[in-house]
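data-v3.txt, holding compact mmCIF, C-alpha atoms:
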# COMPACT_ATOMS: atom_id res chain seq x y z
CA MET A 1 223.78 31.18 30.88
CA GLU A 2 226.75 28.86 31.04
CA LEU A 3 230.25 29.02 29.57
CA THR A 4 232.68 26.10 29.60
CA GLY A 5 236.17 25.45 28.30
CA LEU A 6 239.45 27.34 28.25
CA GLN A 7 239.21 28.95 24.83
CA TRP A 8 237.10 31.78 26.26
CA GLY A 9 237.63 30.90 29.93
CA GLY A 10 241.35 31.59 29.53
CA LYS A 11 240.56 35.07 28.22
CA LEU A 12 238.40 35.76 31.28
CA LEU A 13 241.14 34.48 33.61
CA ARG A 14 243.69 36.78 32.00
CA ARG A 15 241.56 39.74 33.13
CA VAL A 16 242.63 38.92 36.70
CA GLU A 17 246.09 37.58 35.77
CA PHE A 18 245.30 33.99 36.75
CA PRO A 19 247.49 31.54 34.76
CA SER A 20 245.78 29.10 32.40
CA ALA A 21 246.90 26.39 29.99
CA GLU A 22 247.71 27.50 26.45
CA VAL A 23 244.82 26.81 24.07
CA LEU A 24 244.35 26.94 20.30
CA GLY A 25 240.86 27.20 18.84
CA PRO A 26 239.19 25.27 15.99
CA GLU A 27 240.77 27.60 13.44
CA ALA A 28 244.35 26.62 14.45
CA SER A 29 246.66 25.78 11.55
CA VAL A 30 248.76 22.63 11.30
CA ASP A 31 251.92 24.66 11.93
CA GLU A 32 250.40 26.20 15.10
CA ILE A 33 249.41 22.78 16.42
CA LYS A 34 252.89 21.40 15.61
CA ASP A 35 254.50 24.28 17.48
CA LEU A 36 252.29 23.75 20.54
CA ILE A 37 253.15 20.03 20.60
CA LYS A 38 256.85 20.83 20.25
CA ARG A 39 256.78 23.27 23.17
CA LYS A 40 254.45 21.34 25.50
CA GLY A 41 255.23 17.74 24.51
CA MET A 42 251.54 16.82 24.27
CA VAL A 43 248.16 18.38 23.51
CA PHE A 44 244.67 17.52 24.67
CA ILE A 45 241.91 17.76 22.08
CA LYS A 46 238.52 18.76 23.49
CA PRO A 47 235.20 19.22 21.67
CA LEU A 48 233.31 22.49 22.02
CA PHE A 49 229.63 22.29 22.98
CA LYS A 50 227.36 25.32 22.85
CA GLY A 51 225.70 25.95 26.17
CA GLY A 52 228.31 23.81 27.96
CA VAL A 53 228.18 20.04 28.46
CA GLY A 54 230.35 18.58 31.20
CA LYS A 55 231.92 15.18 31.91
CA LYS A 56 233.63 14.99 28.54
CA GLY A 57 236.63 13.11 29.92
CA LYS A 58 234.71 10.24 31.46
CA LEU A 59 232.72 9.82 28.25
CA GLY A 60 235.81 9.45 26.06
CA LEU A 61 235.33 12.87 24.48
CA ILE A 62 238.85 14.10 25.21
CA GLY A 63 241.75 13.02 23.02
CA LYS A 64 245.47 13.43 23.54
CA ALA A 65 248.35 13.42 21.08
CA SER A 66 252.11 13.88 21.07
CA ASP A 67 252.48 14.18 17.29
CA ILE A 68 250.61 16.07 14.58
CA ALA A 69 249.22 12.95 12.86
CA ALA A 70 247.53 11.77 16.06
CA ALA A 71 246.30 15.30 16.81
CA LEU A 72 244.61 15.61 13.41
CA GLN A 73 243.11 12.14 13.77
CA GLU A 74 241.57 13.11 17.13
CA LYS A 75 240.36 16.37 15.60
CA GLU A 76 238.53 14.40 12.91
CA ARG A 77 237.01 12.08 15.55
CA LEU A 78 235.76 14.84 17.82
CA TYR A 79 235.02 17.83 15.55
CA PHE A 80 231.31 17.08 15.11
CA THR A 81 230.89 14.38 17.75
CA LYS A 82 227.56 13.99 19.53
CA HIS A 83 227.44 14.05 23.30
CA PRO A 84 226.21 10.67 24.65
CA SER A 85 223.47 12.48 26.57
CA GLY A 86 221.94 13.35 23.19
CA THR A 87 221.66 17.01 24.16
CA ALA A 88 224.37 18.55 22.00
CA LYS A 89 226.62 18.22 18.98
CA ALA A 90 230.18 19.54 19.02
CA ASP A 91 230.96 22.77 17.22
CA GLY A 92 234.68 22.26 16.68
CA VAL A 93 237.59 21.36 18.96
CA THR A 94 240.32 23.08 20.95
CA PHE A 95 243.96 22.04 21.35
CA GLU A 96 245.22 22.48 24.90
CA GLY A 97 248.91 22.34 25.81
CA ALA A 98 249.82 19.78 28.48
CA VAL A 99 250.74 21.12 31.94
CA PRO A 100 253.16 18.93 33.94
CA ALA A 101 252.24 18.71 37.64
CA LYS A 102 252.23 16.40 40.65
CA HIS A 103 249.34 18.13 42.45
CA GLU A 104 245.80 18.80 41.19
CA VAL A 105 243.35 21.12 42.93
CA TYR A 106 239.60 21.60 42.59
CA PHE A 107 238.24 25.09 43.27
CA SER A 108 234.84 26.71 42.86
CA ILE A 109 232.79 29.68 44.04
CA ALA A 110 229.02 29.38 43.97
CA GLU A 111 225.90 30.74 45.61
CA SER A 112 224.93 28.32 48.37
CA THR A 113 221.32 27.79 49.45
CA LYS A 114 222.66 25.86 52.46
CA PHE A 115 224.75 28.75 53.81
CA ARG A 116 222.82 31.57 52.10
CA ALA A 117 226.15 33.10 51.12
CA PRO A 118 228.78 32.73 48.40
CA THR A 119 230.76 29.60 49.21
CA MET A 120 234.24 28.43 48.25
CA THR A 121 234.73 24.70 47.67
CA ILE A 122 238.32 23.44 47.56
CA THR A 123 240.30 20.21 47.71
CA HIS A 124 243.80 19.11 46.75
CA HIS A 125 242.80 15.42 46.65
CA GLY A 126 242.37 15.30 42.89
CA GLY A 127 240.17 17.57 40.87
CA VAL A 128 238.17 15.82 38.18
CA ASP A 129 236.59 13.15 40.39
CA ILE A 130 235.47 15.43 43.22
CA GLU A 131 232.01 13.81 43.40
CA GLU A 132 233.65 10.56 44.52
CA LEU A 133 235.62 12.09 47.41
CA PRO A 134 234.49 11.68 51.03
CA LYS A 135 233.31 14.81 52.83
CA ASP A 136 236.43 15.03 55.00
CA LYS A 137 238.57 15.51 51.88
CA ILE A 138 236.67 18.65 50.80
CA GLN A 139 236.32 22.06 52.44
CA GLU A 140 233.21 24.23 51.90
CA VAL A 141 233.75 27.75 53.24
CA PRO A 142 231.00 30.40 53.17
CA PHE A 143 232.13 34.02 53.29
CA ASP A 144 230.69 37.53 53.45
CA PRO A 145 230.10 38.95 49.93
CA LEU A 146 230.78 42.47 51.23
CA THR A 147 234.36 41.61 52.22
CA GLY A 148 234.89 38.89 49.60
CA LEU A 149 237.15 35.85 49.47
CA LYS A 150 240.33 36.46 51.46
CA SER A 151 243.69 34.73 51.67
CA PHE A 152 242.99 33.45 55.18
CA HIS A 153 239.88 31.60 53.96
CA ILE A 154 242.06 29.63 51.56
CA ALA A 155 244.98 29.12 53.94
CA ASN A 156 242.73 27.86 56.74
CA ALA A 157 240.85 25.48 54.41
CA LEU A 158 244.03 23.97 52.97
CA GLU A 159 245.64 23.57 56.39
CA GLU A 160 242.47 21.86 57.64
CA LEU A 161 242.78 19.43 54.71
CA GLY A 162 246.45 18.79 55.46
CA ALA A 163 247.60 20.11 52.09
CA PRO A 164 251.35 20.10 51.33
CA GLY A 165 253.01 23.37 52.32
CA GLU A 166 254.48 23.84 48.84
CA ILE A 167 251.03 24.36 47.29
CA ILE A 168 249.47 26.53 50.02
CA SER A 169 251.41 29.75 49.39
CA PRO A 170 250.87 29.95 45.59
CA LEU A 171 247.17 29.14 46.01
CA VAL A 172 246.76 31.75 48.76
CA GLN A 173 248.38 34.33 46.46
CA ASN A 174 246.30 33.54 43.37
CA LEU A 175 242.86 32.17 44.25
CA PRO A 176 241.48 35.44 45.71
CA LYS A 177 241.75 36.88 42.18
CA LEU A 178 238.89 34.59 41.17
CA TRP A 179 236.50 36.35 43.54
CA THR A 180 237.22 39.56 41.62
CA LEU A 181 236.29 37.80 38.37
CA TYR A 182 233.18 36.22 39.91
CA ASN A 183 231.96 39.35 41.63
CA ASN A 184 232.70 41.92 38.92
CA TYR A 185 231.01 40.17 36.00
CA GLY A 186 227.70 38.86 37.33
CA MET A 187 228.59 35.18 37.80
CA ASN A 188 226.70 32.81 40.06
CA THR A 189 229.11 29.87 39.59
CA LEU A 190 232.82 29.71 38.79
CA GLU A 191 234.70 26.41 38.69
CA LEU A 192 238.30 25.48 37.84
CA ASN A 193 238.64 21.72 37.60
CA PRO A 194 241.45 20.92 37.69
CA ILE A 195 244.03 23.50 38.67
CA ARG A 196 247.44 21.90 38.11
CA MET A 197 250.34 23.01 40.31
CA SER A 198 253.11 23.35 37.74
CA PRO A 199 256.74 24.39 38.44
CA ASP A 200 257.94 27.63 36.83
CA ALA A 201 261.47 28.30 35.54
CA ALA A 202 262.70 28.85 39.09
CA GLY A 203 261.08 25.65 40.36
CA ARG A 204 258.30 27.39 42.29
CA LEU A 205 254.82 25.93 41.93
CA VAL A 206 252.27 28.01 40.02
CA PRO A 207 248.52 27.22 39.84
CA VAL A 208 247.50 26.75 36.18
CA ALA A 209 243.82 26.45 35.24
CA CYS A 210 243.31 23.45 32.95
CA ASP A 211 239.55 23.67 32.59
CA PHE A 212 237.02 26.42 33.22
CA LYS A 213 233.31 26.61 33.82
CA CYS A 214 231.07 29.48 34.86
CA SER A 215 227.45 30.53 34.73
CA PHE A 216 226.05 34.04 34.65
CA ASP A 217 223.05 35.64 36.31
CA ILE A 218 221.20 37.03 33.27
CA ASP A 219 219.43 39.55 35.52
CA ASP A 220 222.79 41.10 36.41
CA PRO A 221 223.94 43.29 33.47
CA ALA A 222 227.58 43.14 34.64
CA TRP A 223 228.26 40.11 32.39
CA LYS A 224 227.68 42.28 29.32
CA ARG A 225 230.90 44.16 30.06
CA LEU A 226 232.83 41.05 29.00
CA ASP A 227 231.74 41.55 25.36
CA LEU A 228 231.40 37.80 24.81
CA PRO A 229 229.92 36.68 21.46
CA PRO A 230 226.20 35.81 21.86
CA HIS A 231 226.65 32.46 20.09
CA LEU A 232 228.69 31.15 23.05
CA PHE A 233 225.50 30.89 25.06
CA ALA A 234 223.25 29.62 22.28
CA SER A 235 221.95 26.07 22.48
CA ASP A 236 221.18 24.10 19.34
CA TYR A 237 218.46 26.52 18.24
CA SER A 238 217.45 27.42 14.73
CA GLU A 239 217.82 31.06 13.66
CA PHE A 240 214.03 31.43 13.94
CA GLU A 241 214.04 30.19 17.56
CA GLN A 242 216.88 32.53 18.48
CA GLU A 243 215.05 35.51 16.98
CA ILE A 244 211.85 34.60 18.87
CA ASN A 245 213.81 34.37 22.13
CA GLN A 246 215.37 37.78 21.48
CA LEU A 247 211.94 39.28 20.87
CA ARG A 248 210.64 37.80 24.13
CA THR A 249 213.62 39.31 25.95
CA TYR A 250 213.03 42.77 24.53
CA GLN A 251 209.29 42.59 25.24
CA GLY A 252 210.07 41.55 28.84
Can you dump the structure from the file as structure tokens?
Amino acid sequence: MELTGLQWGGKLLRRVEFPSAEVLGPEASVDEIKDLIKRKGMVFIKPLFKGGVGKKGKLGLIGKASDIAAALQEKERLYFTKHPSGTAKADGVTFEGAVPAKHEVYFSIAESTKFRAPTMTITHHGGVDIEELPKDKIQEVPFDPLTGLKSFHIANALEELGAPGEIISPLVQNLPKLWTLYNNYGMNTLELNPIRMSPDAAGRLVPVACDFKCSFDIDDPAWKRLDLPPHLFASDYSEFEQEINQLRTYQG
């Protein structure tokens, strides 16, 4: 089962006190959207796809607006848009507050068949286009699941990449929290792409998650402790198909 986007991803991140961009859901009022634009200067409008469909940005499925008229126009364009892959139709949009930053970081934890261990993947050379980066710009670090992801794993990886010193300390302090989220709730993939390094009121850089993706091991009951609505994981099934699938699950 897969979950994408910050509307619910942000709620999961708050369980481990990892900062994320401010997001309004499809039910947001005009006044709420206006207030978000006023405070953040700009919003990004993203369609919601059940079951999770990636690469929305490259396919022109992300809008941006710095005034309410443009935001509502993008909402109308994207609210029921169809993904170019033909696999899904949007089920509303979210409004995400802009996060100013000069550094973007990609980070993920996933089960690796290559290393036969959970593996951290990290780079500070841009987040969204990670597939286009050469191997020497990315660090893949397997680690022992019994001891978990530690600060030294992150520090060593970033130093090996030649990352700027100003981003290493805040990442070392915050990224280990994501192992807690991954390990405690039955995930087999967790990806933040990108994390934007944004200055706080004192000028110190803080990692802010600007997109979220995870998948759950359905054989691990730990994910049920999150109390997520079942419809988040539903594909474009009819009610009859969903009931049949539930019956098969109970029979199994």
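The list of residues with at least one atom within 10 Å of Ile122 of chain A, based on all atoms listed in the file and without residues fewer than 5 positions apart in the same chain, reads Val105, Tyr106, Phe107, Ser108, Ile109, Gly127, Ile130, Lys137, Ile138, Gln139, Glu140, Val141, Ile154, Ala157, Leu158, Leu161 and Leu192 of chain A.
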Output the selection as a tab-separated table (two decimals), keeping the file's coordinate frame - C-alpha atoms for each residue.
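Listing of out.tsv after writing:
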chain	number	residue	atom	x	y	z
A	105	VAL	CA	243.35	21.12	42.93
A	106	TYR	CA	239.60	21.60	42.59
A	107	PHE	CA	238.24	25.09	43.27
A	108	SER	CA	234.84	26.71	42.86
A	109	ILE	CA	232.79	29.68	44.04
A	127	GLY	CA	240.17	17.57	40.87
A	130	ILE	CA	235.47	15.43	43.22
A	137	LYS	CA	238.57	15.51	51.88
A	138	ILE	CA	236.67	18.65	50.80
A	139	GLN	CA	236.32	22.06	52.44
A	140	GLU	CA	233.21	24.23	51.90
A	141	VAL	CA	233.75	27.75	53.24
A	154	ILE	CA	242.06	29.63	51.56
A	157	ALA	CA	240.85	25.48	54.41
A	158	LEU	CA	244.03	23.97	52.97
A	161	LEU	CA	242.78	19.43	54.71
A	192	LEU	CA	238.30	25.48	37.84
Of the candidates A:Thr189, A:Thr81, A:Thr121, A:Ser198, which shows the shortest atom-to-atom distance to Pro100 of chain A, using all atoms listed in the file?
->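 That would be A:Ser198, the residue with the smallest distance to Pro100 of chain A.
The nearest approach to His125 of chain A among the residues A:Lys46, A:His103, A:Lys82, A:Lys177, with all atoms listed in the file taken into account, belongs to A:His103.
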Pick from A:Val16, A:Leu175, A:Ala98, A:Met1 nearest to Ile37 of chain A, counting all atoms listed in the file | A:Ala98
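The spacing separating atom CA of Tyr185 of chain A from atom CA of Asp91 of chain A amounts to 25.6 Å.
The nearest approach to Pro164 of chain A among the residues A:Val43, A:Leu205, A:Val93, A:Ala70, with all atoms listed in the file taken into account, belongs to A:Leu205.
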Minimum-distance residue to Ile167 of chain A, chosen among A:Leu226, A:Ile195, A:Ala88, A:Ala21 (using all atoms listed in the file) =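 Comparing A:Leu226, A:Ile195, A:Ala88, A:Ala21 against Ile167 of chain A, the winner is A:Ile195.
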Shell around Pro170 of chain A at 10 Å using all atoms listed in the file, local window under 5 positions removed, as a VMD selection string = chain A and resid 165 175 197 204 to 207
